[in-house]
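Shown here: structure33.pdb, PDB, C-alpha atoms and all ligand atoms.
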```pdb
ATOM      1  CA  MET A  28       0.000   0.000   0.000
ATOM      2  CA  VAL A  29       1.432   3.406  -0.920
ATOM      3  CA  ALA A  30       1.280   6.469   1.364
ATOM      4  CA  THR A  31      -1.780   8.731   1.414
ATOM      5  CA  LEU A  32      -1.503  12.456   0.764
ATOM      6  CA  ARG A  33      -4.120  14.999   1.867
ATOM      7  CA  LEU A  34      -4.738  17.623  -0.828
ATOM      8  CA  PRO A  35      -5.392  21.372  -0.529
ATOM      9  CA  PHE A  36      -8.610  21.169  -2.573
ATOM     10  CA  ALA A  37     -10.067  18.483  -0.253
ATOM     11  CA  ASN A  38     -12.662  20.776   1.354
ATOM     12  CA  GLY A  39     -16.197  19.902   2.452
ATOM     13  CA  ARG A  40     -18.680  19.003  -0.293
ATOM     14  CA  PRO A  41     -22.250  17.653  -0.259
ATOM     15  CA  ASN A  42     -22.587  13.883  -0.150
ATOM     16  CA  THR A  43     -23.361  12.878  -3.715
ATOM     17  CA  GLY A  44     -22.776   9.171  -3.149
ATOM     18  CA  GLY A  45     -19.884   9.315  -5.539
ATOM     19  CA  MET A  46     -17.073  11.388  -6.894
ATOM     20  CA  ARG A  47     -16.915  13.771  -9.841
ATOM     21  CA  ILE A  48     -13.501  13.396 -11.407
ATOM     22  CA  LEU A  49     -11.998  15.377 -14.287
ATOM     23  CA  PHE A  50      -8.965  14.290 -16.237
ATOM     24  CA  LEU A  51      -7.326  16.757 -18.647
ATOM     25  CA  GLY A  52      -4.993  15.467 -21.374
ATOM     26  CA  ASP A  53      -1.492  16.646 -22.266
ATOM     27  CA  VAL A  54      -1.192  20.387 -21.589
ATOM     28  CA  MET A  55       0.669  21.860 -24.553
ATOM     29  CA  GLY A  56       3.055  24.769 -23.976
ATOM     30  CA  ARG A  57       2.208  28.247 -22.778
ATOM     31  CA  GLY A  58      -1.160  28.349 -24.509
ATOM     32  CA  GLY A  59      -2.230  25.142 -22.769
ATOM     33  CA  ARG A  60      -0.968  26.347 -19.386
ATOM     34  CA  GLN A  61      -2.768  29.665 -19.700
ATOM     35  CA  ALA A  62      -6.026  27.981 -20.700
ATOM     36  CA  VAL A  63      -5.841  25.626 -17.713
ATOM     37  CA  ALA A  64      -5.077  28.535 -15.379
ATOM     38  CA  GLU A  65      -7.961  30.597 -16.754
ATOM     39  CA  ARG A  66     -10.639  27.901 -17.057
ATOM     40  CA  LEU A  67      -9.971  25.080 -14.594
ATOM     41  CA  PRO A  68     -11.065  27.041 -11.492
ATOM     42  CA  GLY A  69     -14.443  27.676 -13.157
ATOM     43  CA  LEU A  70     -14.836  24.038 -14.200
ATOM     44  CA  ARG A  71     -14.004  22.909 -10.650
ATOM     45  CA  ARG A  72     -16.759  25.163  -9.345
ATOM     46  CA  ASP A  73     -19.397  24.677 -12.071
ATOM     47  CA  TRP A  74     -19.039  20.905 -12.336
ATOM     48  CA  ARG A  75     -18.542  20.546  -8.530
ATOM     49  CA  LEU A  76     -15.437  18.477  -9.097
ATOM     50  CA  ASP A  77     -14.045  16.356  -6.299
ATOM     51  CA  PHE A  78     -10.768  15.493  -7.937
ATOM     52  CA  VAL A  79      -8.767  16.712 -10.933
ATOM     53  CA  VAL A  80      -5.820  15.037 -12.653
ATOM     54  CA  VAL A  81      -3.900  16.861 -15.388
ATOM     55  CA  ASN A  82      -1.261  15.423 -17.722
ATOM     56  CA  GLY A  83       1.603  17.917 -17.794
ATOM     57  CA  GLU A  84       4.280  16.186 -19.888
ATOM     58  CA  ASN A  85       4.300  18.860 -22.634
ATOM     59  CA  ALA A  86       3.477  21.965 -20.615
ATOM     60  CA  THR A  87       6.945  23.523 -20.851
ATOM     61  CA  GLY A  88       7.590  24.423 -24.487
ATOM     62  CA  GLY A  89       6.047  21.114 -25.551
ATOM     63  CA  ARG A  90       8.854  19.170 -23.890
ATOM     64  CA  GLY A  91       8.521  18.109 -20.279
ATOM     65  CA  LEU A  92       7.387  20.082 -17.263
ATOM     66  CA  SER A  93       9.450  22.573 -15.269
ATOM     67  CA  THR A  94       9.086  23.097 -11.528
ATOM     68  CA  GLU A  95       7.605  26.560 -12.084
ATOM     69  CA  HIS A  96       5.017  25.320 -14.559
ATOM     70  CA  ALA A  97       4.115  22.315 -12.387
ATOM     71  CA  LYS A  98       3.402  24.711  -9.529
ATOM     72  CA  GLY A  99       1.210  26.768 -11.860
ATOM     73  CA  LEU A 100      -0.911  23.737 -12.829
ATOM     74  CA  LEU A 101      -1.306  22.749  -9.167
ATOM     75  CA  GLU A 102      -2.331  26.308  -8.241
ATOM     76  CA  ALA A 103      -4.860  26.331 -11.083
ATOM     77  CA  GLY A 104      -6.694  23.387  -9.524
ATOM     78  CA  ALA A 105      -4.931  20.156 -10.475
ATOM     79  CA  ASP A 106      -4.872  17.783  -7.516
ATOM     80  CA  VAL A 107      -2.342  15.568  -9.263
ATOM     81  CA  ILE A 108      -0.135  15.932 -12.361
ATOM     82  CA  THR A 109       0.826  12.915 -14.452
ATOM     83  CA  LEU A 110       3.770  12.943 -16.857
ATOM     84  CA  GLY A 111       4.791  10.545 -19.659
ATOM     85  CA  ASP A 112       7.728   9.740 -21.926
ATOM     86  CA  HIS A 113       8.729  13.435 -21.712
ATOM     87  CA  ALA A 114       8.758  13.252 -17.886
ATOM     88  CA  PHE A 115      12.338  14.415 -17.459
ATOM     89  CA  ASP A 116      12.916  16.578 -20.544
ATOM     90  CA  GLN A 117      13.109  19.495 -18.108
ATOM     91  CA  LYS A 118      15.977  18.439 -15.838
ATOM     92  CA  ASP A 119      14.647  20.193 -12.740
ATOM     93  CA  MET A 120      11.804  17.630 -12.703
ATOM     94  CA  LEU A 121      14.390  14.993 -11.671
ATOM     95  CA  ARG A 122      14.476  16.710  -8.252
ATOM     96  CA  PHE A 123      11.023  18.284  -8.105
ATOM     97  CA  CYS A 124       9.185  14.975  -8.544
ATOM     98  CA  GLU A 125      10.891  13.812  -5.333
ATOM     99  CA  ALA A 126       9.947  16.996  -3.472
ATOM    100  CA  GLU A 127       6.346  17.312  -4.714
ATOM    101  CA  PRO A 128       4.232  14.198  -4.038
ATOM    102  CA  ARG A 129       1.439  15.405  -6.343
ATOM    103  CA  ILE A 130       3.602  14.547  -9.370
ATOM    104  CA  ILE A 131       3.196  11.029 -10.788
ATOM    105  CA  ARG A 132       5.665   9.762 -13.387
ATOM    106  CA  PRO A 133       5.206   6.475 -15.278
ATOM    107  CA  LEU A 134       5.542   3.350 -13.118
ATOM    108  CA  ASN A 135       7.691   1.677 -15.770
ATOM    109  CA  TYR A 136       9.771   4.660 -16.969
ATOM    110  CA  SER A 137      13.038   3.257 -15.603
ATOM    111  CA  LYS A 138      14.078   1.315 -12.532
ATOM    112  CA  SER A 139      16.336   4.206 -11.533
ATOM    113  CA  ALA A 140      13.832   7.023 -12.176
ATOM    114  CA  PRO A 141      13.191   9.403  -9.269
ATOM    115  CA  GLY A 142       9.662   9.998  -7.990
ATOM    116  CA  THR A 143       6.802   7.537  -7.933
ATOM    117  CA  GLY A 144       4.406   5.991 -10.440
ATOM    118  CA  ALA A 145       1.446   5.392  -8.105
ATOM    119  CA  ARG A 146       0.173   7.129  -4.997
ATOM    120  CA  VAL A 147      -3.022   7.381  -2.960
ATOM    121  CA  PHE A 148      -4.353  10.899  -2.389
ATOM    122  CA  GLU A 149      -6.988  12.121   0.042
ATOM    123  CA  ALA A 150      -9.775  13.945  -1.757
ATOM    124  CA  THR A 151     -13.077  15.490  -0.655
ATOM    125  CA  ARG A 152     -14.718  14.084   2.504
ATOM    126  CA  GLY A 153     -11.661  12.019   3.286
ATOM    127  CA  ARG A 154     -12.172   9.738   0.324
ATOM    128  CA  LYS A 155      -9.023   8.208  -1.079
ATOM    129  CA  VAL A 156      -8.078   8.180  -4.743
ATOM    130  CA  LEU A 157      -5.312   6.142  -6.340
ATOM    131  CA  VAL A 158      -3.533   7.696  -9.336
ATOM    132  CA  ALA A 159      -1.045   5.689 -11.393
ATOM    133  CA  GLN A 160       0.536   6.024 -14.823
ATOM    134  CA  VAL A 161       2.156   3.492 -17.136
ATOM    135  CA  LEU A 162       3.897   3.778 -20.487
ATOM    136  CA  GLY A 163       3.034   1.446 -23.318
ATOM    137  CA  GLN A 164       5.569  -0.440 -25.403
ATOM    138  CA  VAL A 165       4.143  -0.417 -28.948
ATOM    139  CA  PHE A 166       5.726   2.166 -31.298
ATOM    140  CA  MET A 167       7.380   3.968 -28.384
ATOM    141  CA  SER A 168      10.844   5.474 -28.758
ATOM    142  CA  ARG A 169      12.351   3.447 -25.903
ATOM    143  CA  PRO A 170      11.767  -0.171 -24.795
ATOM    144  CA  TYR A 171       9.895   0.443 -21.553
ATOM    145  CA  ASP A 172       9.096  -2.447 -19.219
ATOM    146  CA  ASP A 173       5.824  -4.342 -19.568
ATOM    147  CA  PRO A 174       2.986  -2.059 -18.403
ATOM    148  CA  PHE A 175       0.698  -4.963 -17.459
ATOM    149  CA  SER A 176       3.066  -6.502 -14.936
ATOM    150  CA  ALA A 177       3.838  -2.991 -13.642
ATOM    151  CA  LEU A 178       0.116  -2.371 -13.024
ATOM    152  CA  GLU A 179      -0.799  -5.771 -11.580
ATOM    153  CA  PRO A 180       0.474  -5.273  -7.993
ATOM    154  CA  VAL A 181      -0.955  -1.727  -7.881
ATOM    155  CA  LEU A 182      -4.420  -2.902  -8.947
ATOM    156  CA  LYS A 183      -4.268  -5.844  -6.561
ATOM    157  CA  ALA A 184      -3.386  -3.604  -3.595
ATOM    158  CA  HIS A 185      -6.140  -1.036  -4.306
ATOM    159  CA  PRO A 186      -9.441  -2.662  -5.265
ATOM    160  CA  PRO A 187     -12.088   0.011  -5.973
ATOM    161  CA  GLY A 188     -14.694   0.352  -3.256
ATOM    162  CA  GLY A 189     -12.181  -0.854  -0.676
ATOM    163  CA  ALA A 190      -9.683   1.452   0.986
ATOM    164  CA  VAL A 191      -9.704   3.675  -2.109
ATOM    165  CA  ALA A 192     -12.991   5.236  -3.216
ATOM    166  CA  ALA A 193     -11.732   5.668  -6.777
ATOM    167  CA  SER A 194      -8.690   5.005  -8.921
ATOM    168  CA  LEU A 195      -7.385   6.499 -12.152
ATOM    169  CA  ILE A 196      -4.844   4.901 -14.472
ATOM    170  CA  ASP A 197      -3.204   7.080 -17.160
ATOM    171  CA  ILE A 198      -1.977   4.806 -19.985
ATOM    172  CA  HIS A 199       0.541   6.853 -21.934
ATOM    173  CA  CYS A 200       1.316   5.347 -25.306
ATOM    174  CA  GLU A 201       1.017   5.513 -29.072
ATOM    175  CA  ALA A 202      -1.061   2.480 -30.039
ATOM    176  CA  THR A 203      -4.830   2.516 -29.558
ATOM    177  CA  SER A 204      -4.754  -1.292 -29.415
ATOM    178  CA  GLU A 205      -2.415  -1.272 -26.428
ATOM    179  CA  LYS A 206      -4.524   1.369 -24.688
ATOM    180  CA  MET A 207      -7.657  -0.738 -25.172
ATOM    181  CA  GLY A 208      -5.736  -3.750 -23.881
ATOM    182  CA  VAL A 209      -4.850  -1.875 -20.707
ATOM    183  CA  GLY A 210      -8.467  -0.727 -20.384
ATOM    184  CA  HIS A 211      -9.785  -4.283 -20.474
ATOM    185  CA  PHE A 212      -6.958  -5.516 -18.213
ATOM    186  CA  CYS A 213      -8.093  -2.961 -15.610
ATOM    187  CA  ASP A 214     -11.853  -3.362 -16.183
ATOM    188  CA  GLY A 215     -13.589  -3.711 -12.811
ATOM    189  CA  ARG A 216     -10.271  -3.136 -11.039
ATOM    190  CA  ALA A 217      -9.947   0.636 -11.567
ATOM    191  CA  SER A 218     -12.522   3.441 -11.787
ATOM    192  CA  ILE A 219     -10.955   5.144 -14.808
ATOM    193  CA  VAL A 220      -8.450   4.179 -17.489
ATOM    194  CA  VAL A 221      -7.619   7.064 -19.798
ATOM    195  CA  GLY A 222      -5.064   7.284 -22.580
ATOM    196  CA  THR A 223      -2.649  10.131 -23.218
ATOM    197  CA  HIS A 224       0.296  10.896 -25.556
ATOM    198  CA  THR A 225      -1.298  11.053 -29.022
ATOM    199  CA  HIS A 226      -2.827  14.514 -28.429
ATOM    200  CA  VAL A 227      -6.072  13.877 -30.339
ATOM    201  CA  PRO A 228      -9.261  12.870 -28.485
ATOM    202  CA  THR A 229     -10.800   9.568 -29.508
ATOM    203  CA  ALA A 230     -14.602   9.236 -29.670
ATOM    204  CA  ASP A 231     -14.795   6.013 -27.650
ATOM    205  CA  ALA A 232     -15.517   7.199 -24.107
ATOM    206  CA  THR A 233     -17.470   4.393 -22.483
ATOM    207  CA  ILE A 234     -18.008   2.375 -19.335
ATOM    208  CA  LEU A 235     -16.466  -1.050 -19.954
ATOM    209  CA  PRO A 236     -18.527  -4.180 -19.047
ATOM    210  CA  ARG A 237     -17.150  -4.497 -15.487
ATOM    211  CA  GLY A 238     -17.523  -0.799 -14.668
ATOM    212  CA  THR A 239     -14.318   1.013 -15.625
ATOM    213  CA  ALA A 240     -14.665   4.355 -17.436
ATOM    214  CA  PHE A 241     -12.420   4.335 -20.493
ATOM    215  CA  GLN A 242     -11.245   6.573 -23.349
ATOM    216  CA  SER A 243      -8.374   5.576 -25.632
ATOM    217  CA  ASP A 244      -6.993   9.107 -25.695
ATOM    218  CA  ALA A 245      -8.146  12.177 -23.811
ATOM    219  CA  GLY A 246      -6.646  14.542 -26.398
ATOM    220  CA  MET A 247      -4.445  17.514 -25.537
ATOM    221  CA  CYS A 248      -5.142  20.863 -23.943
ATOM    222  CA  GLY A 249      -3.762  22.842 -26.851
ATOM    223  CA  ASP A 250      -4.339  24.599 -30.167
ATOM    224  CA  TYR A 251      -5.741  22.113 -32.713
ATOM    225  CA  ASP A 252      -4.779  24.309 -35.701
ATOM    226  CA  SER A 253      -1.423  22.532 -35.455
ATOM    227  CA  VAL A 254       0.253  19.159 -35.859
ATOM    228  CA  ILE A 255      -0.458  17.526 -32.482
ATOM    229  CA  GLY A 256       0.059  20.865 -30.763
ATOM    230  CA  MET A 257       3.103  22.149 -32.648
ATOM    231  CA  GLN A 258       2.933  25.064 -35.094
ATOM    232  CA  LYS A 259       2.247  23.276 -38.369
ATOM    233  CA  ASP A 260       4.894  24.785 -40.681
ATOM    234  CA  GLU A 261       7.945  22.866 -39.428
ATOM    235  CA  PRO A 262       6.237  19.455 -39.084
ATOM    236  CA  LEU A 263       4.703  19.902 -42.558
ATOM    237  CA  ARG A 264       8.075  20.872 -44.016
ATOM    238  CA  ARG A 265       9.644  17.752 -42.497
ATOM    239  CA  PHE A 266       6.848  15.521 -43.802
ATOM    240  CA  VAL A 267       7.061  17.009 -47.303
ATOM    241  CA  THR A 268      10.843  17.165 -47.650
ATOM    242  CA  GLY A 269      11.863  14.265 -45.388
ATOM    243  CA  MET A 270      14.612  16.495 -44.009
ATOM    244  CA  PRO A 271      15.258  17.689 -40.447
ATOM    245  CA  GLY A 272      15.738  21.390 -39.900
ATOM    246  CA  GLY A 273      14.040  23.995 -37.732
ATOM    247  CA  ARG A 274      12.624  23.766 -34.256
ATOM    248  CA  PHE A 275       9.203  22.595 -33.191
ATOM    249  CA  THR A 276       7.269  25.349 -31.403
ATOM    250  CA  PRO A 277       3.921  24.907 -29.611
ATOM    251  CA  ALA A 278       0.965  26.495 -31.416
ATOM    252  CA  MET A 279      -0.444  29.412 -29.453
ATOM    253  CA  GLU A 280      -3.908  30.264 -30.763
ATOM    254  CA  GLU A 281      -7.290  29.121 -29.402
ATOM    255  CA  VAL A 282      -6.901  26.240 -26.960
ATOM    256  CA  THR A 283      -9.375  23.398 -26.521
ATOM    257  CA  LEU A 284      -9.273  21.799 -23.078
ATOM    258  CA  CYS A 285      -9.729  18.080 -23.750
ATOM    259  CA  GLY A 286     -10.293  15.290 -21.301
ATOM    260  CA  LEU A 287     -12.699  12.984 -19.578
ATOM    261  CA  TYR A 288     -15.342  13.606 -16.900
ATOM    262  CA  VAL A 289     -16.341  10.623 -14.773
ATOM    263  CA  GLU A 290     -18.773  10.129 -11.910
ATOM    264  CA  THR A 291     -18.107   7.178  -9.634
ATOM    265  CA  ASP A 292     -20.125   5.250  -7.065
ATOM    266  CA  ASP A 293     -18.500   5.325  -3.617
ATOM    267  CA  ARG A 294     -19.851   1.859  -2.726
ATOM    268  CA  THR A 295     -18.270   0.099  -5.688
ATOM    269  CA  GLY A 296     -15.604   2.591  -6.719
ATOM    270  CA  LEU A 297     -16.682   2.047 -10.312
ATOM    271  CA  ALA A 298     -17.954   4.489 -12.932
ATOM    272  CA  SER A 299     -21.617   5.502 -13.123
ATOM    273  CA  ARG A 300     -21.267   8.198 -15.811
ATOM    274  CA  VAL A 301     -18.661   9.152 -18.383
ATOM    275  CA  GLU A 302     -18.555  12.214 -20.641
ATOM    276  CA  MET A 303     -15.941  13.418 -23.087
ATOM    277  CA  VAL A 304     -14.745  16.956 -22.423
ATOM    278  CA  ARG A 305     -13.856  19.427 -25.169
ATOM    279  CA  GLN A 306     -14.090  23.009 -23.961
ATOM    280  CA  GLY A 307     -13.171  26.126 -25.937
ATOM    281  CA  GLY A 308     -11.056  26.480 -29.061
ATOM    282  CA  ARG A 309     -11.722  24.920 -32.456
ATOM    283  CA  LEU A 310     -13.062  21.451 -31.674
ATOM    284  CA  SER A 311     -16.754  20.608 -31.379
ATOM    285  CA  GLN A 312     -17.822  21.257 -27.797
ATOM    286  CA  THR A 313     -18.865  18.682 -25.241
ATOM    287  CA  GLY A 314     -18.869  18.131 -21.498
ATOM    288  CA  PRO A 315     -21.075  17.101 -18.589
ATOM    289  CA  ALA A 316     -22.992  20.390 -18.283
TER     290      ALA A 316
HETATM  291 FE    FE A 401       4.088  11.458 -24.539
HETATM  292 FE    FE A 402       2.130  14.398 -24.874
END
```
Re-express the file's structure as structure tokens.
Amino acid sequence: MVATLRLPFANGRPNTGGMRILFLGDVMGRGGRQAVAERLPGLRRDWRLDFVVVNGENATGGRGLSTEHAKGLLEAGADVITLGDHAFDQKDMLRFCEAEPRIIRPLNYSKSAPGTGARVFEATRGRKVLVAQVLGQVFMSRPYDDPFSALEPVLKAHPPGGAVAASLIDIHCEATSEKMGVGHFCDGRASIVVGTHTHVPTADATILPRGTAFQSDAGMCGDYDSVIGMQKDEPLRRFVTGMPGGRFTPAMEEVTLCGLYVETDDRTGLASRVEMVRQGGRLSQTGPA
């Protein structure tokens, strides 16, 4: 069993019989950070959220997450920040993820990685929430360890509806097939399994047969007039010419906050409602309201 951390947003809320949890996908650069800072406090209030998890692996210039920008996401209303394959692109995260327990890096990033890949947090009304992240193996740039065997002991130690009221697994990988595999592996054993890394929301939000809310990819919090969040000129040039060259720079226009909204049942710890979230910017709009 991992240690429990009480969170600053864990204030008194009416008893709804369950939790309202928001997950926001990869925050992309300054535009993504600003949009989270401007809009997340309102979403927390309007949707009466009990718990918010934000993926921050691209929040600093599209590459990793600095200490300063991690603090900004936490101040904006993230209870927990997950990372990904870009976890340590900003070198100060090597130390900050040890100092700040609300940062979760992938369980299977490396045996010598600092920080932790799973932790239990205390949310509203003393309810406990497990957050964990794993990297997939298919089409990834490095040969990470098997995510299924990394998850197994974590799932076994934290059955939903037991000591933890809810649990969220962020599966960070390229292949939709692998994400769906992780979803079914966790079905009935976690409240939420949500994919990150590909930066485009998939239209498959659902509650799996044994009660786990699932979406293959949450999408990014970024400007979709881009190539997965980067200004489109340089990626297009590389695709067309096949030659490396200039720098990738995060696109900075209208940001769509993308993610997943889930309501859980405190008795079972499983999902009772799931809604895709796309708020603001260019994409078609959706959410729980
Ligand atoms: Fe990634
Ligand atoms: Fe990403």
Kindly provide, as lines of an AutoDock Vina configuration file, the centre and edge lengths (Å, one decimal) of an axis-aligned box around all atoms of region 109-112 of chain A given in the file, with 6 Å on each side.
```
center_x = 4.3
center_y = 11.3
center_z = -18.2
size_x = 18.9
size_y = 15.2
size_z = 19.5
```
Notebook entry, point to check: Given the file above and the PyMOL selection byres (((chain A and resi 219) around 9) and not hetatm), which residues are selected, and can you give them as a list in words?
Noted result: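 Against this file, the PyMOL selection byres (((chain A and resi 219) around 9) and not hetatm) returns the residues Ala193, Ser194, Leu195, Ile196, Asp197, Gly210, Cys213, Asp214, Ala217, Ser218, Val220, Val221, Ile234, Gly238, Thr239, Ala240, Phe241, Gln242, Val289, Leu297 and Ala298 of chain A.
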Just-selected residues, C-alpha atoms written as a tab-separated table (two decimals), in the frame of the given file:
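Written file, out39.tsv:
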```
chain	number	residue	atom	x	y	z
A	193	ALA	CA	-11.73	5.67	-6.78
A	194	SER	CA	-8.69	5.00	-8.92
A	195	LEU	CA	-7.38	6.50	-12.15
A	196	ILE	CA	-4.84	4.90	-14.47
A	197	ASP	CA	-3.20	7.08	-17.16
A	210	GLY	CA	-8.47	-0.73	-20.38
A	213	CYS	CA	-8.09	-2.96	-15.61
A	214	ASP	CA	-11.85	-3.36	-16.18
A	217	ALA	CA	-9.95	0.64	-11.57
A	218	SER	CA	-12.52	3.44	-11.79
A	220	VAL	CA	-8.45	4.18	-17.49
A	221	VAL	CA	-7.62	7.06	-19.80
A	234	ILE	CA	-18.01	2.38	-19.34
A	238	GLY	CA	-17.52	-0.80	-14.67
A	239	THR	CA	-14.32	1.01	-15.62
A	240	ALA	CA	-14.66	4.36	-17.44
A	241	PHE	CA	-12.42	4.34	-20.49
A	242	GLN	CA	-11.24	6.57	-23.35
A	289	VAL	CA	-16.34	10.62	-14.77
A	297	LEU	CA	-16.68	2.05	-10.31
A	298	ALA	CA	-17.95	4.49	-12.93
```
Next item on the list: Run the PyMOL selection byres (((chain A and resi 91-104) around 9) and not hetatm) against the file shown and list the residues it catches, as an MDAnalysis selection string.
Entry: chainID A and resid 36 60 63:68 71 79:81 83:90 105:108 110:120 122:124 129:130
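Shortest separation to ligand FE 402 (chain A) among A:Val209, A:Ala232, A:Cys285, A:Met247 occurs at residue A:Met247, atoms counted being only C-alpha atoms and all ligand atoms.
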Margin query: Using only C-alpha atoms and all ligand atoms, can you tell me which of A:Gly296, A:Gly222, A:Pro187, A:Pro315 comes closest to ligand FE 402 (chain A)?
Written below: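 Closest candidate: A:Gly222.
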Next item on the list: Please return, as an MDAnalysis selection string, all polymer residues that have at least one atom within 6 Å of the point (3.8, 3.6, -15.1); use all atoms listed in the file and the file's own coordinate frame.
Entry: chainID A and resid 133:135 144 160:162
Check: What is the CA of Leu310 (chain A)-CA of Thr291 (chain A) distance in Å, reported with one decimal?
Finding: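 Separation between CA of Leu310 (chain A) and CA of Thr291 (chain A): 26.7 Å.
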Item checked: Which of A:Asp292, A:Asp73, A:Glu201, A:Glu179 sits closest to ligand FE 401 (chain A) [using all atoms listed in the file] ->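 Checking each of A:Asp292, A:Asp73, A:Glu201, A:Glu179 against ligand FE 401 (chain A), counting all atoms listed in the file, the winner is A:Glu201.
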Note to self: Taking all atoms listed in the file into account, name the residue in A:Arg132, A:His211, A:His199, A:Arg216 that is nearest to ligand FE 402 (chain A).
What the structure shows: A:His199
Check: Closest to ligand FE 401 (chain A) among A:Leu76, A:Met167, A:Met303, A:Val282, using all atoms listed in the file?
Finding: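 Using all atoms listed in the file, the shortest distance to ligand FE 401 (chain A) belongs to A:Met167.
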Item checked: A:Gly246, A:Gly44, A:Gly215, A:Pro128 ranked by distance to ligand FE 401 (chain A), top pick (using all atoms listed in the file) ->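 Looking at the shortest contact to ligand FE 401 (chain A), the residue is A:Gly246.
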Margin query: List as a ChimeraX atom specification the protein and nucleic acid residues near region 248-264 of chain A, meaning an atom at most 9 Å away when only C-alpha atoms are counted, but skip any in the same chain fewer than 5 places from it.
Written below: /A:51-56,58-60,62-63,89,225-227,269-286,305,308-310
Notebook entry, point to check: In file coordinates, which residues lie within 8 Å of (-10.4, 5.0, -0.1) using all atoms listed in the file, given as a PyMOL selection string?
Noted result: chain A and resi 149+153-156+187-193
Checklist line | Distance of CA of Asp173 (chain A) from CA of Tyr136 (chain A), expressed in Å to one decimal place | finding: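 For CA of Tyr136 (chain A) relative to CA of Asp173 (chain A), the distance reads 10.2 Å.
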Next item on the list: Figure out the distance between CA of Leu235 (chain A) and CA of Phe50 (chain A), please, to one decimal in Å.
Entry: 17.5 Å
